[in-house]
Amino acid sequence: MSVLQDKRRSKRMLLGQDGNALVNLVAINVILFAILKFLFLVYKVTELNMDAYYRSIFNWFILPADISTLATRPWVVLTYMFTHESVFQLIGNMLWLWVFGFILQDMMGNRKLTPIYLYGGLTGMFFYVLSYHIFPQLQPSLPFAAFWGANASVMAVAVATTTLTPDYRIFPMINVTLPSSRLNAFPPAA
């Protein structure tokens, strides 16, 4: 084993260790989901109008496509990327975040994960809002369009992981791997 591999192994983050960015991101997503679902159940059990829940609670956490509405709620730039409505959306996003975040954290260190997550969410927000103002087909639904979920953030983590470590083997004990990016697609000329 080389000195570089020894050094990398000694710097690994343990799951229960303080300051683990991956655990913190998953915890924030799950806690916010639990709080919103608890409030949803309160509205459901007390037989309040469910439109009131979406209008007075859920809409204050999601990203509107309309810039004038976004200007009145600047905090949604961050909260939308931690807000999930469906259990399946949460599980899917957290599974992807866990797999690719673990690899990225293992290869690049603990301090790179959170900025990539946040920058990916901000980039997704920018392109979402921009697309509703550029494409005329989307203009009629502009006042009602909204975006939520960690999809853009998790995709940024996945793209960063696969870009930085293209030859990473998820199952190293299995001999079958995908073709390496270093292989030449064309045979050498004779």
# chains A, B, ... in the order shown; residues from 1 in each chain; ligands from 1
>>> residues_around(residues="Val76 in chain A", least_positions_apart="2", cutoff="10 Å", atoms="only C-alpha atoms", output="VMD selection string")
chain A and resid 59 to 64 70 to 74 78 to 83 125 148
>>> residues_around(residues="range 156-159 of chain A", least_positions_apart="3", cutoff="6 Å", atoms="only C-alpha atoms", output="ChimeraX atom specification")
/A:100,120,153,162-163
>>> select_by_dssp(residues="range 30-149 of chain A", states="helix (DSSP H, G or I)", output="NGL selection string")
:A and (30-45 or 50-56 or 58-60 or 67-72 or 76-82 or 87-108 or 110-134 or 136-141)
>>> atom_distance(atom1="CA of Thr161 in chain A", atom2="CA of Leu104 in chain A")
5.3 Å
>>> atom_distance(atom1="CA of His84 in chain A", atom2="CA of Asn151 in chain A")
9.8 Å
>>> closest_residue(among="A:Met94, A:Leu138, A:Val129, A:Ile103", to="Val77 in chain A", atoms="only C-alpha atoms")
A:Val129
>>> closest_residue(among="A:Ala146, A:Met155, A:Ile28, A:Leu95", to="Tyr119 in chain A", atoms="only C-alpha atoms")
A:Met155
>>> atom_distance(atom1="CA of Gln105 in chain A", atom2="CA of Arg169 in chain A")
15.0 Å
